[in-house]
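This is start34.pdb (PDB, C-alpha atoms and all ligand atoms).
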ATOM      1  CA  MET A   1       2.499  -7.677  20.283  1.00  0.00           C
ATOM      2  CA  LYS A   2       5.731  -5.912  19.507  1.00  0.00           C
ATOM      3  CA  TYR A   3       8.669  -6.130  21.896  1.00  0.00           C
ATOM      4  CA  ILE A   4      11.847  -4.081  21.979  1.00  0.00           C
ATOM      5  CA  ILE A   5      14.961  -5.795  23.269  1.00  0.00           C
ATOM      6  CA  GLY A   6      17.597  -3.382  24.587  1.00  0.00           C
ATOM      7  CA  ASN A   7      20.917  -4.392  26.083  1.00  0.00           C
ATOM      8  CA  ASP A   8      24.365  -3.163  26.996  1.00  0.00           C
ATOM      9  CA  HIS A   9      27.569  -5.206  26.735  1.00  0.00           C
ATOM     10  CA  GLY A  10      26.809  -6.845  30.104  1.00  0.00           C
ATOM     11  CA  GLY A  11      23.472  -8.114  28.850  1.00  0.00           C
ATOM     12  CA  ILE A  12      24.490  -9.380  25.455  1.00  0.00           C
ATOM     13  CA  ASP A  13      24.634 -13.073  26.407  1.00  0.00           C
ATOM     14  CA  LEU A  14      20.857 -13.313  26.979  1.00  0.00           C
ATOM     15  CA  VAL A  15      19.689 -11.442  23.889  1.00  0.00           C
ATOM     16  CA  ASP A  16      19.404 -14.450  21.578  1.00  0.00           C
ATOM     17  CA  SER A  17      17.503 -16.550  24.128  1.00  0.00           C
ATOM     18  CA  VAL A  18      15.063 -13.734  24.876  1.00  0.00           C
ATOM     19  CA  GLU A  19      14.508 -13.056  21.172  1.00  0.00           C
ATOM     20  CA  GLU A  20      14.021 -16.749  20.442  1.00  0.00           C
ATOM     21  CA  LYS A  21      11.385 -17.086  23.177  1.00  0.00           C
ATOM     22  CA  LEU A  22       9.485 -13.978  22.088  1.00  0.00           C
ATOM     23  CA  LEU A  23       9.438 -15.113  18.447  1.00  0.00           C
ATOM     24  CA  GLU A  24       8.311 -18.594  19.520  1.00  0.00           C
ATOM     25  CA  LEU A  25       5.393 -16.931  21.356  1.00  0.00           C
ATOM     26  CA  GLY A  26       4.447 -15.150  18.132  1.00  0.00           C
ATOM     27  CA  HIS A  27       5.643 -11.656  18.974  1.00  0.00           C
ATOM     28  CA  GLU A  28       7.423  -9.165  16.774  1.00  0.00           C
ATOM     29  CA  VAL A  29      10.890  -8.193  18.016  1.00  0.00           C
ATOM     30  CA  GLU A  30      13.059  -5.151  17.391  1.00  0.00           C
ATOM     31  CA  LYS A  31      16.559  -5.157  18.829  1.00  0.00           C
ATOM     32  CA  VAL A  32      18.032  -1.798  19.756  1.00  0.00           C
ATOM     33  CA  GLY A  33      20.940  -2.912  21.943  1.00  0.00           C
ATOM     34  CA  THR A  34      24.645  -3.171  21.365  1.00  0.00           C
ATOM     35  CA  PHE A  35      25.870  -6.106  19.310  1.00  0.00           C
ATOM     36  CA  THR A  36      29.411  -6.144  20.727  1.00  0.00           C
ATOM     37  CA  LYS A  37      31.064  -6.698  24.106  1.00  0.00           C
ATOM     38  CA  GLU A  38      32.707  -3.290  23.943  1.00  0.00           C
ATOM     39  CA  SER A  39      31.896  -1.356  27.112  1.00  0.00           C
ATOM     40  CA  CYS A  40      28.920   0.996  26.738  1.00  0.00           C
ATOM     41  CA  ASP A  41      26.248   2.694  28.859  1.00  0.00           C
ATOM     42  CA  TYR A  42      23.035   0.824  29.693  1.00  0.00           C
ATOM     43  CA  SER A  43      21.161   4.117  30.137  1.00  0.00           C
ATOM     44  CA  ASP A  44      21.494   4.903  26.403  1.00  0.00           C
ATOM     45  CA  PHE A  45      19.690   1.696  25.484  1.00  0.00           C
ATOM     46  CA  ALA A  46      17.073   2.042  28.215  1.00  0.00           C
ATOM     47  CA  LYS A  47      16.278   5.472  26.737  1.00  0.00           C
ATOM     48  CA  ILE A  48      15.898   4.208  23.163  1.00  0.00           C
ATOM     49  CA  ALA A  49      13.698   1.302  24.238  1.00  0.00           C
ATOM     50  CA  CYS A  50      11.481   3.283  26.644  1.00  0.00           C
ATOM     51  CA  GLU A  51      10.907   6.043  24.109  1.00  0.00           C
ATOM     52  CA  LYS A  52       9.695   3.445  21.637  1.00  0.00           C
ATOM     53  CA  VAL A  53       7.258   2.002  24.186  1.00  0.00           C
ATOM     54  CA  LEU A  54       5.992   5.452  25.163  1.00  0.00           C
ATOM     55  CA  ASN A  55       5.623   6.462  21.489  1.00  0.00           C
ATOM     56  CA  LYS A  56       3.603   3.269  20.939  1.00  0.00           C
ATOM     57  CA  GLU A  57       6.141   1.930  18.451  1.00  0.00           C
ATOM     58  CA  ALA A  58       6.116  -1.151  20.689  1.00  0.00           C
ATOM     59  CA  ASP A  59       3.954  -2.650  23.405  1.00  0.00           C
ATOM     60  CA  PHE A  60       6.670  -3.837  25.784  1.00  0.00           C
ATOM     61  CA  ALA A  61      10.430  -3.872  26.209  1.00  0.00           C
ATOM     62  CA  VAL A  62      12.883  -6.337  27.665  1.00  0.00           C
ATOM     63  CA  LEU A  63      16.035  -4.637  28.920  1.00  0.00           C
ATOM     64  CA  ILE A  64      19.119  -6.664  29.713  1.00  0.00           C
ATOM     65  CA  CYS A  65      22.292  -5.556  31.456  1.00  0.00           C
ATOM     66  CA  GLY A  66      24.624  -7.324  33.877  1.00  0.00           C
ATOM     67  CA  THR A  67      22.184  -7.200  36.784  1.00  0.00           C
ATOM     68  CA  GLY A  68      19.035  -5.657  35.286  1.00  0.00           C
ATOM     69  CA  ILE A  69      19.320  -2.978  37.967  1.00  0.00           C
ATOM     70  CA  GLY A  70      20.855  -0.147  35.959  1.00  0.00           C
ATOM     71  CA  MET A  71      18.346  -0.705  33.174  1.00  0.00           C
ATOM     72  CA  SER A  72      15.420  -0.649  35.602  1.00  0.00           C
ATOM     73  CA  LEU A  73      16.662   2.483  37.358  1.00  0.00           C
ATOM     74  CA  ALA A  74      17.004   4.314  34.048  1.00  0.00           C
ATOM     75  CA  ALA A  75      13.716   3.007  32.619  1.00  0.00           C
ATOM     76  CA  ASN A  76      11.703   4.013  35.675  1.00  0.00           C
ATOM     77  CA  LYS A  77      12.734   7.654  35.183  1.00  0.00           C
ATOM     78  CA  PHE A  78      10.390   7.743  32.178  1.00  0.00           C
ATOM     79  CA  LYS A  79       6.842   8.820  32.925  1.00  0.00           C
ATOM     80  CA  GLY A  80       4.567   5.928  31.973  1.00  0.00           C
ATOM     81  CA  ILE A  81       7.217   3.246  32.233  1.00  0.00           C
ATOM     82  CA  ARG A  82       6.782   0.612  34.909  1.00  0.00           C
ATOM     83  CA  ALA A  83       9.981  -1.412  34.785  1.00  0.00           C
ATOM     84  CA  ALA A  84      10.394  -4.532  36.899  1.00  0.00           C
ATOM     85  CA  CYS A  85      13.816  -6.001  37.612  1.00  0.00           C
ATOM     86  CA  VAL A  86      13.162  -9.718  37.899  1.00  0.00           C
ATOM     87  CA  SER A  87      15.258 -12.825  38.494  1.00  0.00           C
ATOM     88  CA  GLU A  88      12.600 -15.465  39.234  1.00  0.00           C
ATOM     89  CA  THR A  89       9.245 -16.505  37.812  1.00  0.00           C
ATOM     90  CA  TYR A  90       6.879 -15.478  40.648  1.00  0.00           C
ATOM     91  CA  SER A  91       7.941 -11.839  40.395  1.00  0.00           C
ATOM     92  CA  ALA A  92       7.715 -12.007  36.617  1.00  0.00           C
ATOM     93  CA  LYS A  93       4.065 -13.031  36.941  1.00  0.00           C
ATOM     94  CA  MET A  94       3.220 -10.467  39.595  1.00  0.00           C
ATOM     95  CA  SER A  95       4.945  -7.653  37.709  1.00  0.00           C
ATOM     96  CA  ARG A  96       2.272  -8.058  35.047  1.00  0.00           C
ATOM     97  CA  ALA A  97      -0.717  -9.239  37.102  1.00  0.00           C
ATOM     98  CA  HIS A  98      -0.436  -6.650  39.886  1.00  0.00           C
ATOM     99  CA  ASN A  99       1.856  -3.885  38.616  1.00  0.00           C
ATOM    100  CA  ASN A 100       0.954  -3.763  34.912  1.00  0.00           C
ATOM    101  CA  SER A 101       4.657  -3.577  34.186  1.00  0.00           C
ATOM    102  CA  ASN A 102       5.495  -2.658  30.613  1.00  0.00           C
ATOM    103  CA  VAL A 103       9.256  -3.173  30.785  1.00  0.00           C
ATOM    104  CA  LEU A 104      10.969  -6.332  31.990  1.00  0.00           C
ATOM    105  CA  CYS A 105      14.574  -5.988  33.166  1.00  0.00           C
ATOM    106  CA  ILE A 106      16.833  -8.985  33.627  1.00  0.00           C
ATOM    107  CA  GLY A 107      20.503  -9.468  34.410  1.00  0.00           C
ATOM    108  CA  SER A 108      22.650 -11.793  32.345  1.00  0.00           C
ATOM    109  CA  ARG A 109      25.168 -12.055  35.193  1.00  0.00           C
ATOM    110  CA  VAL A 110      22.370 -13.090  37.541  1.00  0.00           C
ATOM    111  CA  ILE A 111      20.277 -15.656  35.666  1.00  0.00           C
ATOM    112  CA  GLY A 112      20.944 -18.200  32.932  1.00  0.00           C
ATOM    113  CA  SER A 113      19.272 -18.484  29.573  1.00  0.00           C
ATOM    114  CA  GLU A 114      16.680 -21.110  30.585  1.00  0.00           C
ATOM    115  CA  VAL A 115      15.457 -19.071  33.560  1.00  0.00           C
ATOM    116  CA  ALA A 116      15.432 -15.979  31.350  1.00  0.00           C
ATOM    117  CA  LYS A 117      13.221 -17.754  28.822  1.00  0.00           C
ATOM    118  CA  MET A 118      10.801 -18.879  31.562  1.00  0.00           C
ATOM    119  CA  ILE A 119      10.639 -15.338  32.943  1.00  0.00           C
ATOM    120  CA  VAL A 120      10.014 -13.883  29.502  1.00  0.00           C
ATOM    121  CA  GLU A 121       7.292 -16.432  28.755  1.00  0.00           C
ATOM    122  CA  ILE A 122       5.468 -15.741  32.017  1.00  0.00           C
ATOM    123  CA  PHE A 123       5.797 -11.969  31.585  1.00  0.00           C
ATOM    124  CA  ALA A 124       4.481 -12.191  28.020  1.00  0.00           C
ATOM    125  CA  THR A 125       1.515 -14.422  28.842  1.00  0.00           C
ATOM    126  CA  THR A 126       0.237 -12.781  32.029  1.00  0.00           C
ATOM    127  CA  GLU A 127      -2.481 -10.131  31.880  1.00  0.00           C
ATOM    128  CA  PHE A 128      -2.883  -7.209  34.276  1.00  0.00           C
ATOM    129  CA  GLU A 129      -5.653  -8.057  36.753  1.00  0.00           C
ATOM    130  CA  GLY A 130      -6.915  -4.485  37.142  1.00  0.00           C
ATOM    131  CA  GLY A 131      -9.403  -3.945  39.996  1.00  0.00           C
ATOM    132  CA  ARG A 132      -7.690  -2.929  43.228  1.00  0.00           C
ATOM    133  CA  HIS A 133      -4.351  -3.077  41.432  1.00  0.00           C
ATOM    134  CA  LEU A 134      -5.451  -0.431  38.952  1.00  0.00           C
ATOM    135  CA  LYS A 135      -6.077   1.972  41.816  1.00  0.00           C
ATOM    136  CA  ARG A 136      -2.514   1.376  43.037  1.00  0.00           C
ATOM    137  CA  VAL A 137      -0.965   1.765  39.603  1.00  0.00           C
ATOM    138  CA  ASN A 138      -2.928   5.002  39.192  1.00  0.00           C
ATOM    139  CA  LYS A 139      -1.345   6.225  42.418  1.00  0.00           C
ATOM    140  CA  ILE A 140       2.069   5.637  40.850  1.00  0.00           C
ATOM    141  CA  LYS A 141       0.913   7.901  37.993  1.00  0.00           C
ATOM    142  CA  GLU A 142      -0.099  10.521  40.556  1.00  0.00           C
ATOM    143  CA  ILE A 143       3.383  10.340  42.069  1.00  0.00           C
ATOM    144  CA  GLU A 144       4.875  10.812  38.597  1.00  0.00           C
ATOM    145  CA  GLU A 145       2.715  13.867  37.997  1.00  0.00           C
ATOM    146  CA  ASN A 146       3.534  15.497  41.314  1.00  0.00           C
ATOM    147  CA  ASN A 147       7.260  14.881  41.620  1.00  0.00           C
TER
HETATM  148  C1  LIG B   1      28.262  -3.179  33.183  1.00  0.00           C
HETATM  149  O1  LIG B   1      29.484  -3.601  33.664  1.00  0.00           O
HETATM  150  C2  LIG B   1      27.212  -3.288  34.272  1.00  0.00           C
HETATM  151  O2  LIG B   1      27.454  -2.351  35.264  1.00  0.00           O
HETATM  152  C3  LIG B   1      25.829  -3.102  33.673  1.00  0.00           C
HETATM  153  O3  LIG B   1      25.606  -4.056  32.706  1.00  0.00           O
HETATM  154  C4  LIG B   1      24.663  -3.255  34.644  1.00  0.00           C
HETATM  155  O4  LIG B   1      24.773  -4.439  35.375  1.00  0.00           O
HETATM  156  C5  LIG B   1      24.356  -2.106  35.500  1.00  0.00           C
HETATM  157  O5  LIG B   1      23.378  -2.107  36.258  1.00  0.00           O
END
Rewrite the structure from the file as structure tokens, please.
Ligand code: RB5
Amino acid sequence: MKYIIGNDHGGIDLVDSVEEKLLELGHEVEKVGTFTKESCDYSDFAKIACEKVLNKEADFAVLICGTGIGMSLAANKFKGIRAACVSETYSAKMSRAHNNSNVLCIGSRVIGSEVAKMIVEIFATTEFEGGRHLKRVNKIKEIEENN
């Protein structure tokens, strides 16, 4: 699978750990975030990353800002993106198993690098369960179409 990593200045501290974990799991990684701590806008990087997922240039994205919240708010404005802002492992698992999330958002001011790596590993190794959850995800698509 190919993953995009996008980050603003607030998320920069987790980028290396996330990349390392994804490479260790055998995934391809493209980084589209800022490489400096100079203040910038998370929404710009959410846009670049989500467009790549929607254009099928990548399968998933991991977006990192200070809290993960701004990234998830921006990402979820894109039709077809299901971004989950996660800070513990149970939600990471459920975001894939039940919600078929295609974008993982984490906050580098919220979690440390070891928790981030566990979250990324669980996200990357959990399959969508489908079934009754597919019906619910399809209703999210309906909401997207009608609003
Ligand atoms: C930047 O200071 C911070 O607001 C940003 O990284 C993010 O946490 C927003 O949700």
So which residues are near ligand LIG 1 (chain B), meaning at most 7 Å away with all atoms listed in the file counted, given back as a ChimeraX atom specification? /A:8-11,42,65-71,107
List the residues selected by the PyMOL selection byres (((chain A and resi 118) around 12) and not hetatm) in the file shown, writing them as a list in words.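 This file, filtered by the PyMOL selection byres (((chain A and resi 118) around 12) and not hetatm), leaves Ser17, Val18, Glu20, Lys21, Leu22, Leu25, Val86, Ser87, Glu88, Thr89, Tyr90, Ser91, Ala92, Lys93, Ile106, Ile111, Gly112, Ser113, Glu114, Val115, Ala116, Lys117, Ile119, Val120, Glu121, Ile122, Phe123, Ala124 and Thr125 of chain A.
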The PyMOL selection byres (((chain A and resi 76-83) around 9) and not hetatm) on the file shown: which residues, as an MDAnalysis selection string? chainID A and resid 47 50:51 53:54 61 71:75 84:85 95 99:105 141 144:145
Atom pair atom CA of His98 of chain A / atom CA of Phe60 of chain A: separation (Å): 16.0 Å
Determine the nearest neighbour of Ile4 of chain A from the options A:Lys37, A:Arg136, A:Arg109, A:Lys56, counting only C-alpha atoms. A:Lys56
Just to confirm, what's the straight-line distance from atom CA of Leu14 of chain A to atom CA of Ser108 of chain A in Å (one decimal)?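 Between these atoms lies a distance of 5.9 Å.
You will find atom CA of Ile64 of chain A at 6.3 Å from atom CA of Gly6 of chain A.
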Build an axis-aligned box that encloses every atom of segment 95-108 of chain A listed in the file, pad it by 8 Å on each side, and report its centre and edge lengths in Å to one decimal, as JSON.
{"center_x": 11.0, "center_y": -7.2, "center_z": 35.2, "size_x": 39.4, "size_y": 25.1, "size_z": 25.3}
